[in-house]
$ cat run.cif   # mmCIF, C-alpha atoms and all ligand atoms
data_final
loop_
_atom_site.group_PDB
_atom_site.id
_atom_site.type_symbol
_atom_site.label_atom_id
_atom_site.label_comp_id
_atom_site.auth_asym_id
_atom_site.auth_seq_id
_atom_site.Cartn_x
_atom_site.Cartn_y
_atom_site.Cartn_z
ATOM 1 C CA MET A 9 62.530 110.551 -150.990
ATOM 2 C CA SER A 10 65.828 112.416 -150.920
ATOM 3 C CA ALA A 11 68.074 112.363 -153.977
ATOM 4 C CA PRO A 12 70.888 109.772 -154.010
ATOM 5 C CA LEU A 13 74.344 110.997 -152.980
ATOM 6 C CA VAL A 14 76.045 109.342 -155.973
ATOM 7 C CA ARG A 15 74.371 108.710 -159.289
ATOM 8 C CA PHE A 16 75.904 107.007 -162.325
ATOM 9 C CA ASP A 17 73.601 107.730 -165.226
ATOM 10 C CA LYS A 18 74.151 105.596 -168.347
ATOM 11 C CA VAL A 19 77.919 105.836 -168.009
ATOM 12 C CA SER A 20 80.000 104.417 -170.844
ATOM 13 C CA VAL A 21 83.772 104.549 -171.118
ATOM 14 C CA VAL A 22 85.506 103.752 -174.396
ATOM 15 C CA PHE A 23 89.303 103.752 -174.588
ATOM 16 C CA GLY A 24 91.043 104.328 -177.914
ATOM 17 C CA GLY A 25 87.774 104.229 -179.859
ATOM 18 C CA THR A 26 87.374 100.448 -179.515
ATOM 19 C CA VAL A 27 87.816 99.265 -175.926
ATOM 20 C CA ARG A 28 84.386 99.445 -174.312
ATOM 21 C CA ALA A 29 85.409 99.325 -170.661
ATOM 22 C CA LEU A 30 81.984 100.390 -169.396
ATOM 23 C CA GLN A 31 78.670 100.204 -171.186
ATOM 24 C CA ASP A 32 75.584 102.067 -169.991
ATOM 25 C CA VAL A 33 76.149 101.710 -166.267
ATOM 26 C CA SER A 34 73.445 103.226 -164.060
ATOM 27 C CA LEU A 35 73.799 102.946 -160.282
ATOM 28 C CA GLU A 36 72.775 104.948 -157.255
ATOM 29 C CA LEU A 37 74.229 105.175 -153.774
ATOM 30 C CA ASP A 38 72.378 106.864 -150.939
ATOM 31 C CA LYS A 39 74.264 108.485 -148.101
ATOM 32 C CA GLY A 40 75.503 105.739 -145.773
ATOM 33 C CA ASP A 41 75.191 102.958 -148.378
ATOM 34 C CA ILE A 42 77.845 100.282 -148.731
ATOM 35 C CA LEU A 43 77.661 98.992 -152.282
ATOM 36 C CA GLY A 44 79.767 96.022 -153.348
ATOM 37 C CA LEU A 45 81.067 95.496 -156.884
ATOM 38 C CA VAL A 46 82.017 92.001 -157.994
ATOM 39 C CA GLY A 47 83.049 90.384 -161.272
ATOM 40 C CA GLU A 48 86.111 88.825 -162.875
ATOM 41 C CA SER A 49 89.153 90.909 -163.786
ATOM 42 C CA GLY A 50 88.328 92.911 -166.887
ATOM 43 C CA SER A 51 84.666 93.403 -165.946
ATOM 44 C CA GLY A 52 85.022 97.170 -165.483
ATOM 45 C CA LYS A 53 84.969 97.450 -161.688
ATOM 46 C CA THR A 54 88.168 99.461 -161.421
ATOM 47 C CA THR A 55 87.143 101.726 -164.320
ATOM 48 C CA LEU A 56 83.885 102.458 -162.496
ATOM 49 C CA CYS A 57 85.857 103.431 -159.363
ATOM 50 C CA ARG A 58 88.124 105.668 -161.439
ATOM 51 C CA VAL A 59 85.113 107.401 -162.977
ATOM 52 C CA LEU A 60 83.750 108.197 -159.513
ATOM 53 C CA ILE A 61 87.011 109.636 -158.223
ATOM 54 C CA GLY A 62 87.360 111.708 -161.388
ATOM 55 C CA LEU A 63 90.434 109.962 -162.853
ATOM 56 C CA THR A 64 88.621 108.602 -165.920
ATOM 57 C CA PRO A 65 86.021 110.813 -167.601
ATOM 58 C CA PRO A 66 82.940 109.049 -168.977
ATOM 59 C CA THR A 67 82.785 108.926 -172.787
ATOM 60 C CA SER A 68 79.028 109.329 -172.470
ATOM 61 C CA GLY A 69 76.593 109.557 -169.580
ATOM 62 C CA SER A 70 77.327 111.348 -166.323
ATOM 63 C CA VAL A 71 78.185 110.857 -162.671
ATOM 64 C CA THR A 72 76.820 113.198 -160.046
ATOM 65 C CA LEU A 73 77.918 113.635 -156.466
ATOM 66 C CA GLY A 74 75.326 115.601 -154.521
ATOM 67 C CA ALA A 75 73.727 118.208 -156.732
ATOM 68 C CA GLN A 76 76.423 118.559 -159.399
ATOM 69 C CA SER A 77 78.198 116.372 -161.897
ATOM 70 C CA VAL A 78 81.696 115.175 -161.063
ATOM 71 C CA ALA A 79 82.910 116.789 -164.320
ATOM 72 C CA GLN A 80 81.574 120.202 -163.281
ATOM 73 C CA GLN A 81 83.023 119.935 -159.775
ATOM 74 C CA LEU A 82 86.398 118.945 -161.199
ATOM 75 C CA ARG A 83 86.324 121.998 -163.462
ATOM 76 C CA GLU A 84 85.066 124.515 -160.925
ATOM 77 C CA GLN A 85 86.239 123.283 -157.504
ATOM 78 C CA PRO A 86 88.745 120.473 -157.992
ATOM 79 C CA LEU A 87 90.219 120.633 -154.488
ATOM 80 C CA ALA A 88 86.808 120.590 -152.822
ATOM 81 C CA PHE A 89 85.775 117.635 -154.969
ATOM 82 C CA ARG A 90 88.934 115.702 -154.143
ATOM 83 C CA ARG A 91 88.146 116.070 -150.453
ATOM 84 C CA ARG A 92 84.650 114.683 -150.873
ATOM 85 C CA VAL A 93 85.703 111.382 -152.486
ATOM 86 C CA GLN A 94 88.679 109.494 -151.124
ATOM 87 C CA MET A 95 90.234 106.280 -152.318
ATOM 88 C CA LEU A 96 91.455 103.480 -150.070
ATOM 89 C CA LEU A 97 94.335 101.865 -151.867
ATOM 90 C CA GLN A 98 94.996 98.187 -152.154
ATOM 91 C CA ASP A 99 98.660 98.326 -151.376
ATOM 92 C CA ALA A 100 98.821 100.622 -148.387
ATOM 93 C CA VAL A 101 102.551 100.159 -147.798
ATOM 94 C CA ALA A 102 103.533 100.863 -151.412
ATOM 95 C CA SER A 103 101.381 103.995 -151.406
ATOM 96 C CA LEU A 104 103.440 105.491 -148.559
ATOM 97 C CA SER A 105 106.597 107.287 -149.564
ATOM 98 C CA PRO A 106 109.549 105.374 -148.071
ATOM 99 C CA ARG A 107 111.474 108.590 -147.454
ATOM 100 C CA MET A 108 108.749 110.421 -145.571
ATOM 101 C CA THR A 109 107.743 109.892 -141.975
ATOM 102 C CA ILE A 110 104.138 108.896 -141.425
ATOM 103 C CA GLY A 111 103.615 112.295 -139.813
ATOM 104 C CA ARG A 112 104.707 114.083 -142.991
ATOM 105 C CA THR A 113 102.634 111.768 -145.172
ATOM 106 C CA LEU A 114 99.554 112.573 -143.114
ATOM 107 C CA ALA A 115 100.327 116.305 -143.006
ATOM 108 C CA GLU A 116 100.648 116.547 -146.784
ATOM 109 C CA PRO A 117 96.930 116.491 -147.699
ATOM 110 C CA ILE A 118 96.250 118.968 -144.888
ATOM 111 C CA ALA A 119 98.733 121.385 -146.461
ATOM 112 C CA ILE A 120 97.596 120.796 -150.050
ATOM 113 C CA HIS A 121 93.972 121.415 -149.142
ATOM 114 C CA GLN A 122 94.907 124.330 -146.887
ATOM 115 C CA LEU A 123 92.851 123.015 -144.008
ATOM 116 C CA PRO A 124 93.073 125.156 -140.835
ATOM 117 C CA GLU A 125 96.145 123.582 -139.271
ATOM 118 C CA ALA A 126 95.274 123.413 -135.563
ATOM 119 C CA GLN A 127 91.859 121.992 -136.351
ATOM 120 C CA ALA A 128 93.296 119.430 -138.779
ATOM 121 C CA ARG A 129 95.878 118.324 -136.213
ATOM 122 C CA ASP A 130 93.205 117.821 -133.562
ATOM 123 C CA ARG A 131 91.197 115.859 -136.032
ATOM 124 C CA LEU A 132 94.161 113.724 -137.040
ATOM 125 C CA ARG A 133 94.900 112.972 -133.378
ATOM 126 C CA ALA A 134 91.274 111.947 -132.815
ATOM 127 C CA ILE A 135 91.280 109.736 -135.922
ATOM 128 C CA MET A 136 94.513 108.031 -134.910
ATOM 129 C CA ASP A 137 93.062 107.297 -131.470
ATOM 130 C CA ARG A 138 89.923 105.983 -133.106
ATOM 131 C CA LEU A 139 92.015 103.729 -135.378
ATOM 132 C CA GLY A 140 94.203 102.486 -132.526
ATOM 133 C CA LEU A 141 97.341 104.049 -134.024
ATOM 134 C CA PRO A 142 99.826 105.150 -131.348
ATOM 135 C CA GLN A 143 101.024 108.737 -131.716
ATOM 136 C CA ASP A 144 104.666 107.610 -131.965
ATOM 137 C CA VAL A 145 103.825 106.175 -135.408
ATOM 138 C CA LEU A 146 103.992 109.770 -136.676
ATOM 139 C CA GLY A 147 107.782 109.836 -136.253
ATOM 140 C CA LYS A 148 108.345 106.499 -138.003
ATOM 141 C CA PHE A 149 109.077 105.575 -141.603
ATOM 142 C CA PRO A 150 106.855 103.080 -143.519
ATOM 143 C CA HIS A 151 109.317 100.190 -143.127
ATOM 144 C CA GLN A 152 109.214 100.646 -139.355
ATOM 145 C CA ILE A 153 105.482 99.971 -139.003
ATOM 146 C CA SER A 154 103.462 96.759 -139.451
ATOM 147 C CA GLY A 155 101.270 95.949 -142.456
ATOM 148 C CA GLY A 156 98.143 96.395 -140.331
ATOM 149 C CA GLN A 157 99.347 99.804 -139.144
ATOM 150 C CA ALA A 158 100.113 100.817 -142.741
ATOM 151 C CA ARG A 159 96.509 100.030 -143.716
ATOM 152 C CA ARG A 160 95.273 102.139 -140.837
ATOM 153 C CA VAL A 161 97.546 104.986 -141.880
ATOM 154 C CA GLY A 162 95.896 104.733 -145.314
ATOM 155 C CA VAL A 163 92.474 104.989 -143.675
ATOM 156 C CA ALA A 164 93.632 107.929 -141.524
ATOM 157 C CA ARG A 165 94.945 109.723 -144.602
ATOM 158 C CA ALA A 166 91.554 109.336 -146.278
ATOM 159 C CA LEU A 167 89.521 110.314 -143.206
ATOM 160 C CA VAL A 168 91.450 113.439 -142.320
ATOM 161 C CA MET A 169 89.848 115.048 -145.371
ATOM 162 C CA GLN A 170 86.365 114.417 -143.927
ATOM 163 C CA PRO A 171 85.195 112.693 -147.105
ATOM 164 C CA GLU A 172 81.610 111.753 -147.878
ATOM 165 C CA VAL A 173 82.437 108.811 -150.122
ATOM 166 C CA ILE A 174 85.190 106.212 -149.827
ATOM 167 C CA VAL A 175 86.099 104.165 -152.866
ATOM 168 C CA ALA A 176 87.829 100.990 -151.710
ATOM 169 C CA ASP A 177 89.385 98.813 -154.430
ATOM 170 C CA GLU A 178 90.389 95.464 -152.903
ATOM 171 C CA PRO A 179 91.175 97.029 -149.498
ATOM 172 C CA THR A 180 91.725 93.663 -147.807
ATOM 173 C CA ALA A 181 93.820 91.974 -150.531
ATOM 174 C CA GLY A 182 96.944 90.357 -149.166
ATOM 175 C CA LEU A 183 95.966 90.756 -145.517
ATOM 176 C CA ASP A 184 95.797 87.791 -143.201
ATOM 177 C CA VAL A 185 92.339 86.920 -141.970
ATOM 178 C CA SER A 186 92.587 88.575 -138.550
ATOM 179 C CA VAL A 187 93.882 91.904 -139.911
ATOM 180 C CA GLN A 188 91.245 91.681 -142.628
ATOM 181 C CA GLY A 189 88.519 91.277 -140.000
ATOM 182 C CA GLU A 190 89.870 94.245 -138.040
ATOM 183 C CA LEU A 191 89.893 96.468 -141.106
ATOM 184 C CA LEU A 192 86.338 95.486 -142.058
ATOM 185 C CA ASN A 193 85.054 96.124 -138.527
ATOM 186 C CA LEU A 194 86.752 99.474 -138.653
ATOM 187 C CA MET A 195 85.146 100.334 -141.990
ATOM 188 C CA LEU A 196 81.717 99.408 -140.601
ATOM 189 C CA ASP A 197 82.227 101.432 -137.406
ATOM 190 C CA LEU A 198 83.316 104.459 -139.419
ATOM 191 C CA GLN A 199 80.352 104.106 -141.729
ATOM 192 C CA ARG A 200 78.010 104.221 -138.732
ATOM 193 C CA GLU A 201 79.880 107.015 -136.975
ATOM 194 C CA PHE A 202 80.341 109.368 -139.925
ATOM 195 C CA ALA A 203 77.536 108.119 -142.242
ATOM 196 C CA LEU A 204 80.272 107.387 -144.790
ATOM 197 C CA THR A 205 79.239 105.970 -148.138
ATOM 198 C CA TYR A 206 81.381 103.184 -149.606
ATOM 199 C CA LEU A 207 81.882 101.738 -153.029
ATOM 200 C CA LEU A 208 83.704 98.506 -152.280
ATOM 201 C CA VAL A 209 85.388 96.299 -154.886
ATOM 202 C CA SER A 210 86.553 92.876 -153.793
ATOM 203 C CA HIS A 211 87.279 89.478 -155.268
ATOM 204 C CA ASN A 212 86.690 88.119 -151.791
ATOM 205 C CA LEU A 213 83.000 87.233 -151.742
ATOM 206 C CA ASN A 214 83.047 86.752 -147.970
ATOM 207 C CA VAL A 215 84.123 90.354 -147.577
ATOM 208 C CA ILE A 216 81.314 91.525 -149.852
ATOM 209 C CA ARG A 217 78.774 89.378 -148.057
ATOM 210 C CA ARG A 218 79.845 90.569 -144.651
ATOM 211 C CA VAL A 219 79.925 94.326 -145.106
ATOM 212 C CA THR A 220 77.799 95.423 -148.048
ATOM 213 C CA GLN A 221 74.066 96.073 -148.132
ATOM 214 C CA ARG A 222 73.751 95.853 -151.905
ATOM 215 C CA THR A 223 75.905 94.245 -154.560
ATOM 216 C CA ALA A 224 76.258 94.868 -158.271
ATOM 217 C CA VAL A 225 77.665 92.043 -160.400
ATOM 218 C CA MET A 226 79.592 93.169 -163.482
ATOM 219 C CA TYR A 227 80.465 91.307 -166.663
ATOM 220 C CA LEU A 228 82.356 92.809 -169.617
ATOM 221 C CA GLY A 229 81.614 96.405 -168.636
ATOM 222 C CA GLN A 230 77.944 95.957 -167.829
ATOM 223 C CA ILE A 231 75.959 95.439 -164.658
ATOM 224 C CA VAL A 232 74.237 92.082 -165.068
ATOM 225 C CA GLU A 233 72.552 91.933 -161.671
ATOM 226 C CA GLU A 234 72.109 94.301 -158.751
ATOM 227 C CA ALA A 235 70.297 93.277 -155.574
ATOM 228 C CA PRO A 236 70.353 93.446 -151.778
ATOM 229 C CA THR A 237 73.433 91.415 -150.854
ATOM 230 C CA ALA A 238 71.693 88.804 -148.699
ATOM 231 C CA ALA A 239 69.046 88.138 -151.366
ATOM 232 C CA LEU A 240 71.656 87.973 -154.127
ATOM 233 C CA PHE A 241 73.819 85.432 -152.297
ATOM 234 C CA GLU A 242 70.731 83.418 -151.381
ATOM 235 C CA ARG A 243 69.190 83.347 -154.860
ATOM 236 C CA PRO A 244 71.127 84.871 -157.719
ATOM 237 C CA ALA A 245 68.882 85.363 -160.747
ATOM 238 C CA HIS A 246 71.478 85.983 -163.473
ATOM 239 C CA PRO A 247 73.365 82.875 -164.683
ATOM 240 C CA TYR A 248 76.712 84.701 -164.431
ATOM 241 C CA ALA A 249 75.982 85.897 -160.895
ATOM 242 C CA ALA A 250 74.963 82.344 -159.978
ATOM 243 C CA ALA A 251 78.203 80.929 -161.394
ATOM 244 C CA LEU A 252 80.375 83.546 -159.703
ATOM 245 C CA LEU A 253 78.697 83.171 -156.314
ATOM 246 C CA SER A 254 78.774 79.367 -156.481
ATOM 247 C CA THR A 255 82.562 79.654 -156.044
ATOM 248 C CA ASN A 256 82.121 81.182 -152.582
ATOM 249 C CA PRO A 257 83.409 78.717 -149.985
ATOM 250 C CA ALA A 258 81.041 80.178 -147.364
ATOM 251 C CA ILE A 259 77.873 78.907 -149.036
ATOM 252 C CA ASP A 260 76.363 75.708 -147.729
ATOM 253 C CA PRO A 261 77.898 72.410 -148.911
ATOM 254 C CA ALA A 262 74.808 71.284 -150.854
ATOM 255 C CA ARG A 263 74.879 74.393 -153.005
ATOM 256 C CA ARG A 264 78.644 74.238 -153.311
ATOM 257 C CA ALA A 265 78.311 70.722 -154.715
ATOM 258 C CA ARG A 266 76.266 72.275 -157.516
ATOM 259 C CA ARG A 267 79.077 74.681 -158.254
ATOM 260 C CA ILE A 268 78.811 76.012 -161.785
ATOM 261 C CA VAL A 269 82.145 75.998 -163.550
ATOM 262 C CA LEU A 270 82.356 78.625 -166.261
ATOM 263 C CA GLN A 271 83.900 77.513 -169.518
ATOM 264 C CA GLY A 272 86.629 79.602 -171.110
ATOM 265 C CA GLU A 273 88.081 83.008 -170.353
ATOM 266 C CA ILE A 274 86.195 86.264 -170.131
ATOM 267 C CA PRO A 275 86.014 87.548 -173.772
ATOM 268 C CA SER A 276 87.766 90.750 -174.810
ATOM 269 C CA VAL A 277 85.990 94.097 -174.382
ATOM 270 C CA VAL A 278 87.478 95.122 -177.751
ATOM 271 C CA ASN A 279 85.196 92.699 -179.496
ATOM 272 C CA PRO A 280 82.444 91.616 -177.090
ATOM 273 C CA PRO A 281 80.060 88.819 -178.095
ATOM 274 C CA SER A 282 76.878 89.804 -179.937
ATOM 275 C CA GLY A 283 73.512 89.796 -178.172
ATOM 276 C CA CYS A 284 74.004 88.929 -174.511
ATOM 277 C CA ARG A 285 77.696 89.386 -173.764
ATOM 278 C CA PHE A 286 77.628 86.299 -171.547
ATOM 279 C CA HIS A 287 76.126 83.950 -174.132
ATOM 280 C CA THR A 288 79.458 82.335 -175.087
ATOM 281 C CA ARG A 289 79.838 80.997 -171.532
ATOM 282 C CA CYS A 290 76.276 80.800 -170.271
ATOM 283 C CA PRO A 291 75.135 77.287 -169.246
ATOM 284 C CA VAL A 292 71.489 78.073 -170.102
ATOM 285 C CA ALA A 293 71.882 80.178 -173.268
ATOM 286 C CA GLN A 294 69.183 79.950 -175.958
ATOM 287 C CA PRO A 295 69.467 80.939 -179.653
ATOM 288 C CA ARG A 296 67.816 84.306 -178.906
ATOM 289 C CA CYS A 297 70.688 85.196 -176.551
ATOM 290 C CA ALA A 298 73.236 85.411 -179.381
ATOM 291 C CA VAL A 299 71.252 87.964 -181.349
ATOM 292 C CA GLU A 300 69.264 90.074 -178.900
ATOM 293 C CA GLU A 301 70.908 92.075 -176.137
ATOM 294 C CA PRO A 302 68.935 91.847 -172.887
ATOM 295 C CA ALA A 303 68.056 95.070 -171.012
ATOM 296 C CA LEU A 304 68.618 95.545 -167.291
ATOM 297 C CA VAL A 305 65.101 95.161 -165.888
ATOM 298 C CA GLU A 306 63.528 95.262 -162.427
ATOM 299 C CA LEU A 307 62.718 91.837 -161.084
ATOM 300 C CA GLY A 308 61.156 92.651 -157.709
ATOM 301 C CA GLU A 309 62.975 92.644 -154.324
ATOM 302 C CA ALA A 310 64.766 95.817 -155.406
ATOM 303 C CA ARG A 311 66.621 93.646 -157.905
ATOM 304 C CA ARG A 312 67.696 94.434 -161.472
ATOM 305 C CA VAL A 313 68.758 91.699 -163.868
ATOM 306 C CA ARG A 314 70.080 91.716 -167.438
ATOM 307 C CA CYS A 315 68.955 88.353 -168.842
ATOM 308 C CA HIS A 316 66.253 86.975 -171.155
ATOM 309 C CA PHE A 317 65.892 83.834 -169.044
ATOM 310 C CA PRO A 318 66.755 84.654 -165.411
ATOM 311 C CA TYR A 319 66.591 81.922 -162.801
ATOM 312 C CA SER A 320 63.324 81.994 -160.925
ATOM 313 C CA LEU A 321 63.461 83.653 -157.508
ATOM 314 C CA ASP A 322 60.912 81.112 -156.245
ATOM 315 C CA ARG A 323 62.932 78.056 -157.166
ATOM 316 C CA ALA A 324 63.765 75.533 -154.504
ATOM 317 C CA ARG A 325 67.347 75.799 -153.407
HETATM 318 FE FE1 LIG B 1 72.429 83.374 -170.443
HETATM 319 FE FE2 LIG B 1 70.767 84.202 -172.353
HETATM 320 FE FE3 LIG B 1 70.542 85.158 -169.882
HETATM 321 FE FE4 LIG B 1 72.586 85.851 -171.389
HETATM 322 S S1 LIG B 1 70.442 86.320 -171.781
HETATM 323 S S2 LIG B 1 72.665 85.266 -169.275
HETATM 324 S S3 LIG B 1 73.005 83.973 -172.500
HETATM 325 S S4 LIG B 1 70.228 83.043 -170.531
#
$ encode --input "run.cif" --output "C-alpha cells"
Amino acid sequence: MSAPLVRFDKVSVVFGGTVRALQDVSLELDKGDILGLVGESGSGKTTLCRVLIGLTPPTSGSVTLGAQSVAQQLREQPLAFRRRVQMLLQDAVASLSPRMTIGRTLAEPIAIHQLPEAQARDRLRAIMDRLGLPQDVLGKFPHQISGGQARRVGVARALVMQPEVIVADEPTAGLDVSVQGELLNLMLDLQREFALTYLLVSHNLNVIRRVTQRTAVMYLGQIVEEAPTAALFERPAHPYAAALLSTNPAIDPARRARRIVLQGEIPSVVNPPSGCRFHTRCPVAQPRCAVEEPALVELGEARRVRCHFPYSLDRAR
C-alpha cells in the first residue's frame, strides 16, 4: 500500500497554555480522498484546517504532506509548500480586494510564486473555461460580478497553483441551493480530473453526505468517530455522532422522529469534562464515562469510535 498523502499523527494544539483546541488527532488522507469534518462550533475543525495549511503549528504531534512534515517544508521551502495546499475561503467576495480587478487578483499568486508567465496564463485561461468564467471577468472589479462567479474566481485562484490538497472551510455557506449544487459538482469534477484531495468542513450535513467518501466527527478537539460517509450516516456508532446526524433533514422521517436533542451547550475547551468529554451531554452515559477517557478504537467497517458503549452496528434501524 502506498503511503497516505496527508497524515496527522497525534496532533494536539494548546493555545495560551490552557485552551486545548485539538487533542491527539490522528487522520490520514490518500491522494484523491474527500474527507469531511463535522461537529459543532468549537469542536476544533477550523484549527485542524489551519494546522494543515501551516497557519497554526501543532503543540505536539506532527502533520506530514508527502514525505516530509509540514513544519520542515515551511522552514525549507515555504513557497513550494504554499502551492501544494490551497484554501477555499468561505466568503469568496470578501476575500477579493475591492480595488483590484479580477485579472490582477488572479495574476498575483502567479507573480509571488514566480511561475513561468506564459504557461501560467495558458493555465489560467484553461481553468476559467473549465469553470465557465467568461474571459471578460478579468477586467471587472469584485462588485461587478455575481456571488457565484466570485466563488469560481476563488476556485480559479486556488487551482492556478496546481495544488495537491484543497482545504475547504464551509465553501457553500451562504449560497443558494442551485449555486451550492453547481459548486459541489465542480469540486467533484475537479477531484476526478486532477486527483485533488479535499479536506471539507461543513455544517451542512447534506453537503458532507453528497460529496465526501469518509467523515470524521469532532467533539471538543477530539475525533469521536471516523467512518465511510454512507455507513456513518446509516448507522452512527458514537452517541454524539448519532445526535448530530439525527438533525439532518435528509434522513428518513422515521429516524428523524427519533431525533436526539442534545442538552446544554458544548463545554469549554479550557476546562473539558473529565473522562469522556461528551459525558455531560450523552444520553447513554454510565458512571464509568465520567472517570475513564475512552480511546479511539477500530470497530470494523474501516470505522474508529471513541466510546465505552458505542451503539451496535447490527441494531435494527
Ligand atoms: Fe456516552 Fe460514555 Fe460513550 Fe462518552 S463513553 S459517548 S459518555 S457512552
$ closest_atom_pairs --input "run.cif" --of "chain A" --to "ligand LIG 1 (chain B)" --cutoff "8 Å" --atoms "all atoms listed in the file" --output "Markdown table"
| residue | atom | partner | partner_atom | distance |
| --- | --- | --- | --- | --- |
| A:His246 | CA | B:LIG1 | S2 | 6.0 |
| A:Pro247 | CA | B:LIG1 | S2 | 5.2 |
| A:Tyr248 | CA | B:LIG1 | S2 | 6.3 |
| A:Gly283 | CA | B:LIG1 | S1 | 7.9 |
| A:Cys284 | CA | B:LIG1 | FE4 | 4.6 |
| A:Arg285 | CA | B:LIG1 | FE4 | 6.7 |
| A:Phe286 | CA | B:LIG1 | FE4 | 5.1 |
| A:His287 | CA | B:LIG1 | S3 | 3.5 |
| A:Thr288 | CA | B:LIG1 | S3 | 7.1 |
| A:Arg289 | CA | B:LIG1 | S3 | 7.5 |
| A:Cys290 | CA | B:LIG1 | FE1 | 4.6 |
| A:Pro291 | CA | B:LIG1 | FE1 | 6.8 |
| A:Val292 | CA | B:LIG1 | S4 | 5.1 |
| A:Ala293 | CA | B:LIG1 | S3 | 4.0 |
| A:Gln294 | CA | B:LIG1 | FE2 | 5.8 |
| A:Arg296 | CA | B:LIG1 | FE2 | 7.2 |
| A:Cys297 | CA | B:LIG1 | FE2 | 4.3 |
| A:Ala298 | CA | B:LIG1 | S3 | 7.0 |
| A:Glu301 | CA | B:LIG1 | S1 | 7.2 |
| A:Pro302 | CA | B:LIG1 | S1 | 5.8 |
| A:Arg314 | CA | B:LIG1 | S1 | 6.9 |
| A:Cys315 | CA | B:LIG1 | FE3 | 3.7 |
| A:His316 | CA | B:LIG1 | S1 | 4.3 |
| A:Phe317 | CA | B:LIG1 | S4 | 4.7 |
| A:Pro318 | CA | B:LIG1 | FE3 | 5.9 |
$ residues_around --input "run.cif" --residues "Val215 (chain A)" --least-positions-apart "3" --cutoff "9 Å" --atoms "only C-alpha atoms" --output "VMD selection string"
chain A and resid 180 188 to 189 192 210 to 212 218 to 220
$ resolve_selection --input "run.cif" --expression "the PyMOL selection byres (((chain A and resi 140) around 12) and not hetatm)" --output "MDAnalysis selection string"
chainID A and resid 133:139 141:145 156:161 163:164 190:191 194
$ atom_distance --input "run.cif" --atom1 "CA of Arg15 (chain A)" --atom2 "CA of Met95 (chain A)"
17.5 Å
$ residues_around --input "run.cif" --residues "Thr64 (chain A)" --least-positions-apart "5" --cutoff "9 Å" --atoms "only C-alpha atoms" --output "MDAnalysis selection string"
chainID A and resid 21 55:59
$ build_atoms --input "run.cif" --residues "region 194-205 of chain A" --atoms "N, CA and C atoms" --output "short mmCIF file (atom, residue, chain, number, x, y, z; two decimals), keeping the file's coordinate frame"
data_model
loop_
_atom_site.label_atom_id
_atom_site.label_comp_id
_atom_site.auth_asym_id
_atom_site.auth_seq_id
_atom_site.Cartn_x
_atom_site.Cartn_y
_atom_site.Cartn_z
N LEU A 194 86.46 98.04 -138.70
CA LEU A 194 86.75 99.47 -138.65
C LEU A 194 85.94 100.22 -139.71
N MET A 195 85.91 99.67 -140.92
CA MET A 195 85.15 100.33 -141.99
C MET A 195 83.67 100.44 -141.61
N LEU A 196 83.13 99.38 -140.99
CA LEU A 196 81.72 99.41 -140.60
C LEU A 196 81.47 100.43 -139.49
N ASP A 197 82.38 100.46 -138.50
CA ASP A 197 82.23 101.43 -137.41
C ASP A 197 82.24 102.85 -137.96
N LEU A 198 83.18 103.10 -138.88
CA LEU A 198 83.32 104.46 -139.42
C LEU A 198 82.09 104.83 -140.25
N GLN A 199 81.56 103.84 -140.93
CA GLN A 199 80.35 104.11 -141.73
C GLN A 199 79.22 104.55 -140.81
N ARG A 200 79.09 103.87 -139.66
CA ARG A 200 78.01 104.22 -138.73
C ARG A 200 78.29 105.57 -138.09
N GLU A 201 79.54 105.79 -137.70
CA GLU A 201 79.88 107.02 -136.98
C GLU A 201 79.77 108.27 -137.85
N PHE A 202 80.27 108.17 -139.07
CA PHE A 202 80.34 109.37 -139.93
C PHE A 202 79.36 109.31 -141.10
N ALA A 203 78.46 108.31 -141.11
CA ALA A 203 77.54 108.12 -142.24
C ALA A 203 78.30 108.13 -143.57
N LEU A 204 79.48 107.46 -143.56
CA LEU A 204 80.27 107.39 -144.79
C LEU A 204 79.58 106.49 -145.80
N THR A 205 79.80 106.77 -147.06
CA THR A 205 79.24 105.97 -148.14
C THR A 205 80.41 105.25 -148.81
#
